[in-house]
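A.B. asks: Please see the structure below; I have some questions.
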Amino acid sequence: MTNRSSNSDPGGTRRQRREAARKDARLKAAATTQPQPFWKSPVFLMTVGAIAVAAVIIGFAVLSSRGDGGSSSTISAPLVFTPTASADGAAIGPADAKVKVEIWSDFQCPACDAFAKSTLIDLVKRYEPTGDVRFEDHAVWFIGAGQNEDSLNAGAAAECAAEQNQYWPYHDYLFANQGRENSGWPNRTLLDGIAAKVGLDTTAFAQCYDGGAQHATVKDNTALAAKVPVSGTPTVVINGVPYESRYVPTADQLSAEIDKAIAAAGGSTAPSPSASTAP
C-alpha cells in the first residue's frame with residue numbers, strides 16, 4: 001500500500017484549508033455588515049457638538065446683555081417725548097394751577113412705563129395749553145427697596161437732570177431703556193449716556209449724582225408715598241385724592257376726574273378735547 005502525500009490532497013494542507021475558511025468567513029461578514037449611518041460618523045458628531053456649544057455661548061451673551069445698560073451708542077431714544085413747554089424741574093404746568101396731578105412712579109415699574117408712554121403724554125398734551133393743571137412726578141424707590149438700588153439710582157439720576165430742567169426728557173429716556181427689574185440696567189454707563197443724549201452739562205450731572213443729595217430726595221419721596229398711601233405704582237393723586245384703579249388708567253378716565261376738579265376749583269366746565277396717542 002502506498003501513502004498519498006499531503007500535498008496531493010485536493011483540499012490542500014490543513015493550514016491552507018483553515019486560512020481559506022477564515023477568508024470565507026471575513027468575506028461573508030463584510031457582505032452582511034450594514035453601512036454606518038451618517039449621523040453616527042465622527043465628523044457629524046463633532047459638527048453637532050460644535051454647533052451646540054456655539055448656541056450656548058450666543059444665548060448666554062444675549063441674556064447677559066439684556067437689561068444691563070450700555071454705551072451711549074446703544075441707548076434707545078423714546079418714540080414720543082413728554083411735552084415740556086412749561087416744564088419746571090420734575091413738574092409741568094404753573095405752580096398756581098387749579099389742579100395738581102401727582103404721579104408716584106418707579107422707573108423700574110412696567111406699569112409706570114406704560115403710563116408714561118401713553119396716558120401721561122396724552123394728559124399733558126390735553127391740559128398743558130390751558131394752564132389749569134400742574135403735573136408733578138415723584139420718583140420712588142418701590143421695587144427692590146432696601147435690597148436693590150436700581151430704582152433709587154434711576155430716580156436720583158432723573159432728579160439730577162431736573163436740576164438742569166431736563167427731568168422730562170431724561171424721564172422718557174429711562175423708560176425707553178427700562179430693563180429687567182433689579183438686573184443692574186440703570187448702571188453708570190447708561191445714566192451718563194442719557195445725560196449726554198439730553199444735552200446735560202455732564203460734569204455737573206456727575207457731581208450731582210456722586211454727591212448723593214438726589215438719592216436722598218428719592219428716599220424722601222418714598223417715605224412720603226407711604227403716607228398717601230401708595231400701595232403700587234403708578235399711583236395718581238388729583239388734588240389730594242388718589243385715583244383708585246386696578247389697572248393703568250387711561251387719559252379719558254383721568255380726564256373725567258381732572259375736569260371735575262377744575263370745575264370744583266371754579267375753572268371752566270367745558271369738556272377738554274379728546275386725547276390722542278399720536279405724537
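Residue numbers start at 1 in each chain; chains themselves are named A, B, ... in the order of the C-alpha cells; ligands are numbered from 1 in the order shown.
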Under the rule of at most 10 Å, produce a per-residue listing of region 164-227 of chain A near region 91-104 of chain A: chain, number, name, the closest pair of atoms, and the distance in Å, as a Markdown table, using only C-alpha atoms.
C.D. replies:
```
| residue | atom | partner | partner_atom | distance |
| --- | --- | --- | --- | --- |
| A:Asn165 | CA | A:Ala91 | CA | 9.5 |
| A:Tyr167 | CA | A:Ala91 | CA | 8.4 |
| A:Trp168 | CA | A:Ala91 | CA | 8.4 |
| A:Asn221 | CA | A:Trp104 | CA | 8.4 |
| A:Thr222 | CA | A:Trp104 | CA | 8.8 |
| A:Leu224 | CA | A:Trp104 | CA | 9.9 |
| A:Ala225 | CA | A:Trp104 | CA | 7.1 |
```
A.B. asks: Write a file of the selected residues as a compact mmCIF listing (two decimals), in the first residue's frame, keeping C-alpha atoms.
C.D. replies:
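Contents of result-v3.txt, as written:
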```
# COMPACT_ATOMS: atom_id res chain seq x y z
CA ASN A 165 -34.57 121.45 33.94
CA TYR A 167 -36.13 115.95 34.05
CA TRP A 168 -38.76 115.02 31.48
CA ASN A 221 -40.29 110.72 48.11
CA THR A 222 -40.59 107.07 49.08
CA LEU A 224 -43.94 110.45 51.68
CA ALA A 225 -45.51 107.90 49.35
```
A.B. asks: Determine which residues of region 18-264 of chain A receive a DSSP assignment of helix (DSSP H, G or I), computed from the backbone, and state them as a PyMOL selection string.
C.D. replies: chain A and resi 18-32+38-40+42-65+72-74+110-130+150-162+167-176+188-197+202-211+213-225+251-264
A.B. asks: Any chance you can output those residues with C-alpha atoms as a short mmCIF file (atom, residue, chain, number, x, y, z; two decimals), in the first residue's frame?
C.D. replies:
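Written output follows (out15.cif):
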```
data_model
loop_
_atom_site.label_atom_id
_atom_site.label_comp_id
_atom_site.auth_asym_id
_atom_site.auth_seq_id
_atom_site.Cartn_x
_atom_site.Cartn_y
_atom_site.Cartn_z
CA ARG A 18 -8.04 26.82 7.79
CA GLU A 19 -6.86 30.04 6.14
CA ALA A 20 -9.37 29.57 3.34
CA ALA A 21 -12.16 29.08 5.91
CA ARG A 22 -11.17 32.28 7.73
CA LYS A 23 -11.11 34.20 4.45
CA ASP A 24 -14.59 32.93 3.56
CA ALA A 25 -15.86 33.97 6.99
CA ARG A 26 -14.44 37.50 6.59
CA LEU A 27 -15.99 37.87 3.14
CA LYS A 28 -19.40 36.73 4.41
CA ALA A 29 -19.20 39.15 7.35
CA ALA A 30 -18.30 42.04 5.06
CA ALA A 31 -21.19 41.16 2.77
CA THR A 32 -23.73 41.16 5.62
CA PHE A 38 -24.05 59.22 8.60
CA TRP A 39 -25.33 60.59 11.88
CA LYS A 40 -23.04 58.19 13.76
CA PRO A 42 -17.27 61.10 13.92
CA VAL A 43 -17.39 64.13 11.60
CA PHE A 44 -21.13 64.56 12.01
CA LEU A 45 -20.99 64.18 15.80
CA MET A 46 -18.16 66.71 16.07
CA THR A 47 -20.09 69.20 13.92
CA VAL A 48 -23.25 68.88 16.01
CA GLY A 49 -21.24 69.32 19.18
CA ALA A 50 -19.61 72.48 17.88
CA ILE A 51 -22.98 73.95 16.90
CA ALA A 52 -24.43 73.18 20.34
CA VAL A 53 -21.52 74.87 22.10
CA ALA A 54 -21.82 77.93 19.85
CA ALA A 55 -25.56 78.16 20.55
CA VAL A 56 -24.96 78.10 24.30
CA ILE A 57 -22.31 80.83 24.05
CA ILE A 58 -24.52 83.06 21.88
CA GLY A 59 -27.54 82.53 24.12
CA PHE A 60 -25.54 83.41 27.21
CA ALA A 61 -24.22 86.56 25.56
CA VAL A 62 -27.74 87.68 24.58
CA LEU A 63 -29.15 87.06 28.05
CA SER A 64 -26.20 88.76 29.69
CA SER A 65 -26.62 91.87 27.54
CA SER A 72 -24.39 105.83 24.52
CA SER A 73 -24.37 104.28 21.06
CA THR A 74 -26.78 101.56 22.21
CA PRO A 110 -43.54 98.14 33.78
CA ALA A 111 -46.95 99.69 34.51
CA CYS A 112 -45.27 103.06 35.08
CA ASP A 113 -43.57 102.64 31.73
CA ALA A 114 -46.93 102.10 30.03
CA PHE A 115 -48.45 105.07 31.88
CA ALA A 116 -45.57 107.40 30.99
CA LYS A 117 -45.58 106.49 27.30
CA SER A 118 -49.32 106.85 26.73
CA THR A 119 -51.62 108.21 29.44
CA LEU A 120 -49.30 110.88 30.81
CA ILE A 121 -48.27 112.23 27.42
CA ASP A 122 -51.92 112.44 26.34
CA LEU A 123 -52.88 114.28 29.53
CA VAL A 124 -50.05 116.79 29.20
CA LYS A 125 -50.99 117.44 25.58
CA ARG A 126 -54.55 118.00 26.66
CA TYR A 127 -54.06 120.25 29.68
CA GLU A 128 -50.69 121.96 29.37
CA PRO A 129 -52.02 124.62 26.96
CA THR A 130 -54.81 125.57 29.40
CA ASP A 150 -31.68 100.18 40.70
CA SER A 151 -34.88 102.20 41.27
CA LEU A 152 -33.06 104.50 43.68
CA ASN A 153 -30.23 105.16 41.23
CA ALA A 154 -32.54 105.77 38.25
CA GLY A 155 -34.67 108.17 40.28
CA ALA A 156 -31.63 110.04 41.60
CA ALA A 157 -30.28 110.44 38.06
CA ALA A 158 -33.62 111.89 36.91
CA GLU A 159 -33.62 114.30 39.86
CA CYS A 160 -30.11 115.41 38.90
CA ALA A 161 -31.40 116.07 35.39
CA ALA A 162 -34.18 118.13 36.99
CA TYR A 167 -36.13 115.95 34.05
CA TRP A 168 -38.76 115.02 31.48
CA PRO A 169 -36.53 114.08 28.54
CA TYR A 170 -34.35 112.14 30.99
CA HIS A 171 -37.50 110.51 32.39
CA ASP A 172 -38.55 109.50 28.87
CA TYR A 173 -35.12 108.06 28.07
CA LEU A 174 -35.09 105.99 31.25
CA PHE A 175 -38.41 104.37 30.38
CA ALA A 176 -37.31 103.83 26.78
CA ARG A 188 -23.45 104.39 35.42
CA THR A 189 -22.68 103.94 31.73
CA LEU A 190 -26.36 104.18 30.84
CA LEU A 191 -27.09 107.07 33.21
CA ASP A 192 -24.12 109.10 31.93
CA GLY A 193 -25.03 108.21 28.35
CA ILE A 194 -28.57 109.51 28.76
CA ALA A 195 -27.22 112.68 30.34
CA ALA A 196 -25.19 113.27 27.18
CA LYS A 197 -28.15 112.41 24.95
CA THR A 202 -22.27 116.07 32.14
CA THR A 203 -19.74 117.33 34.68
CA ALA A 204 -22.46 118.95 36.77
CA PHE A 205 -24.61 115.84 36.38
CA ALA A 206 -21.81 113.59 37.63
CA GLN A 207 -21.15 115.87 40.59
CA CYS A 208 -24.84 115.85 41.47
CA TYR A 209 -25.16 112.09 41.19
CA ASP A 210 -21.98 111.34 43.12
CA GLY A 211 -22.92 113.87 45.80
CA ALA A 213 -28.32 114.59 47.61
CA GLN A 214 -30.77 113.39 44.98
CA HIS A 215 -30.57 109.83 46.25
CA ALA A 216 -31.85 111.37 49.48
CA THR A 217 -34.64 113.08 47.52
CA VAL A 218 -35.85 109.74 46.17
CA LYS A 219 -35.74 108.24 49.66
CA ASP A 220 -37.78 111.20 50.94
CA ASN A 221 -40.29 110.72 48.11
CA THR A 222 -40.59 107.07 49.08
CA ALA A 223 -41.26 107.94 52.71
CA LEU A 224 -43.94 110.45 51.68
CA ALA A 225 -45.51 107.90 49.35
CA ALA A 251 -56.23 109.50 29.71
CA ASP A 252 -60.00 109.64 29.31
CA GLN A 253 -60.60 108.09 32.73
CA LEU A 254 -58.29 110.56 34.45
CA SER A 255 -59.58 113.48 32.41
CA ALA A 256 -63.08 112.92 33.78
CA GLU A 257 -61.72 113.37 37.31
CA ILE A 258 -59.45 116.26 36.39
CA ASP A 259 -62.34 118.12 34.74
CA LYS A 260 -64.41 117.68 37.90
CA ALA A 261 -61.56 119.08 39.98
CA ILE A 262 -61.18 122.06 37.63
CA ALA A 263 -64.90 122.77 37.83
CA ALA A 264 -64.83 122.49 41.63
#
```
A.B. asks: Step one, run DSSP on the backbone; step two, keep only residues of region 64-206 of chain A assigned to strand (DSSP E or B); then write them as a list in words.
C.D. replies: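 Everything in region 64-206 of chain A that counts as strand (DSSP E or B) is Ala87, Asp88, Ala91, Ile92, Val99, Lys100, Val101, Glu102, Ile103, Trp104, Ser105, Val133, Arg134, Phe135, Glu136, Asp137, His138 and Ala139 of chain A.
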